[in-house]
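J.: Take this structure first; my questions come after.
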Amino acid sequence: MKIRIVTGAALGAALVVPSAAWAAPTPDLSGAAVYAAAGNQLSRYTAAGEWHQLASFGATQFAASPDGTKAAWITESGNLNIRQRGKTSTIVSGLQGSTPCLTPVWSADSTKVAYPSANGTINAVRADGSNAPHKLGVSKGVCHLAWAGNGRYLAGYTSTGDALYRLDTKTGKTAMVKNVKSINHVQSLSPDGSKAVVAFPEGAQASGTRTWPTTFKPVIVEVPTGKRLKLPAKGNAIGAYYLPDGRLVMRMAAAPAQPGHAGGHTAAHAAGHAAGHAAGHAAGHAAGHAHNTLVVFDSAGNEIQRLAEPAKAKNQALLQVVS
């Protein structure tokens with residue numbers, strides 16, 4: 001199977017995946033994604049290579065919708081705000097603000113938002129404010145909520161960072177994931193809720209603020225056994241995300257810049273003087289603008305696509321991969 005890397009603005013279809021006769025083919029990812037820059041500036045990057053600001057706010061409790069068009073956040077005063085189509089609306093008030101780990105989460109179809117409320121209650125509300133909040137259940141895992149694609153399961157970790165819980169919204173029961181003693185991030189759940197992408201504290205992170213990480217070392221655990229599964233990609237992974245259709249997207253770090261001035265221009269310019277200054281300058285320019293790579297795997301763990309992130313996003317948090 002040939003894998004084609006797509007760079008720059010042309011982040012189009014990279015690979016056609018053979019499908020069984022009874023299954024509709026899954027469209028390739030286009031490269032569209034939502035990123036968070038310093039100061040909580042949320043922007044959507046499109047397949048055409050364009051950046052569009054989605055929202056900007058001071059809150060640390062935020063989430064981007066899977067379709068990349070909406071943002072939700074909890075203000076310091078405890079309001080749940082939704083921004084869509086250029087308008088910001090407050091749809092719930094009286095929540096706990098100024099607590100970084102108590103993030104809202106979007107449903108897979110980008111129509112509803114779930115959020116932690118008082119006493120471990122997790123509620124959900126339509127993003128357009130057309131219905132009153134309804135209770136999904138009660139869980140000790142209220143931090144960095146993740147919502148499975150099937151809509152049935154939510155997962156989060158405790159405010160003390162010592163356990164991971166999964167809530168079954170159909171039965172109202174919660175299950176503590178075994179063998180998780182210290183945790184500081186939950187990124188996503190597989191569509192059926194059987195696996196979770198999480199991060200465990202490393203070094204100084206153990207006493208961190210539990211804010212949403214710019215990058216993290218992903219670990220996939222089975223629920224509720226806590227068994228750690230082998231990551232399908234080798235290399236320096238700085239994130240991983242389940243899509244609603246079961247694909248797993250791994251974010252791989254850009255290669256370190258080579259020693260030399262101007263982010264790697266020296267070696268390239270030296271080569272340029274030997275084989276043409278213009279070519280060396282171009283190579284140096286590329287070396288100074290390294291990018292992360294998104295590697296896509298099907299549900300069986302087979303690599304099916306690679307996409308180059310824009311260089312601008314290298315040091316930003318990846319909130320959503322838009323499918």
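Following the order of the structure tokens, chains are lettered A, B, ..., residues in each are numbered from 1, and ligands are numbered from 1.
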If we count only C-alpha atoms and set the cut-off at 9 Å, which residues sit around A:Gln53, ignoring sequence neighbours fewer than 4 positions away in its own chain? Please answer as a VMD selection string.

T.: chain A and resid 41 to 45

J.: Would you mind telling me which residue in A:Trp73, A:Tyr165, A:Phe200, A:Tyr242 lies nearest to A:His185 when using only C-alpha atoms?

T.: A:Phe200

J.: As a VMD selection string, which residues of stretch 88-137 of chain A does DSSP assign to strand (DSSP E or B)?

T.: chain A and resid 88 to 92 105 to 106 112 to 116 121 to 126 134 to 137

J.: Please provide the set of residues having any atom within 7 Å of A:Ala72, restricted to only C-alpha atoms, with same-chain residues fewer than 5 positions apart removed, written as a list in words.

T.: Phe62, Ala63, Ala64, Leu80, Asn81, Ile82, Arg83 and Pro104 of chain A

J.: Could you save those same residues with C-alpha atoms as a compact mmCIF listing (two decimals), in the first residue's frame?

T.:
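Below is the file again.txt, written as the result:
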```txt
# COMPACT_ATOMS: atom_id res chain seq x y z
CA PHE A 62 -13.06 25.15 26.69
CA ALA A 63 -13.85 22.72 23.86
CA ALA A 64 -14.22 22.83 20.07
CA LEU A 80 -21.48 28.04 29.80
CA ASN A 81 -21.01 30.03 26.61
CA ILE A 82 -21.43 28.78 23.05
CA ARG A 83 -20.06 30.57 20.02
CA PRO A 104 -17.19 20.88 28.65
```

J.: Using only C-alpha atoms, which residue out of A:Arg210, A:Ser159, A:Gly149, A:Glu222 lies closest to A:Val177?

T.: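 Residue with the minimum atom-to-atom distance to A:Val177: A:Glu222.
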
J.: Give me the residues within 9 Å of stretch 85-92 of chain A as a PyMOL selection string, counting only C-alpha atoms and dropping any in the same chain fewer than 5 places off.

T.: chain A and resi 54-55+69-70+78-80+125-129+132-133

J.: Would you output that residue set with C-alpha atoms, as a compact mmCIF listing (two decimals), in the first residue's frame?

T.:
```txt
# COMPACT_ATOMS: atom_id res chain seq x y z
CA LEU A 54 -13.33 30.49 15.95
CA ALA A 55 -13.33 32.14 19.38
CA THR A 69 -17.52 25.35 13.58
CA LYS A 70 -18.39 25.95 17.25
CA GLY A 78 -19.66 30.05 35.83
CA ASN A 79 -21.52 30.64 32.57
CA LEU A 80 -21.48 28.04 29.80
CA VAL A 125 -27.79 20.70 26.77
CA ARG A 126 -28.42 21.48 23.13
CA ALA A 127 -25.93 23.99 21.78
CA ASP A 128 -28.68 26.16 20.35
CA GLY A 129 -30.29 26.48 23.78
CA ALA A 132 -33.36 22.70 29.28
CA PRO A 133 -30.28 20.84 30.58
```
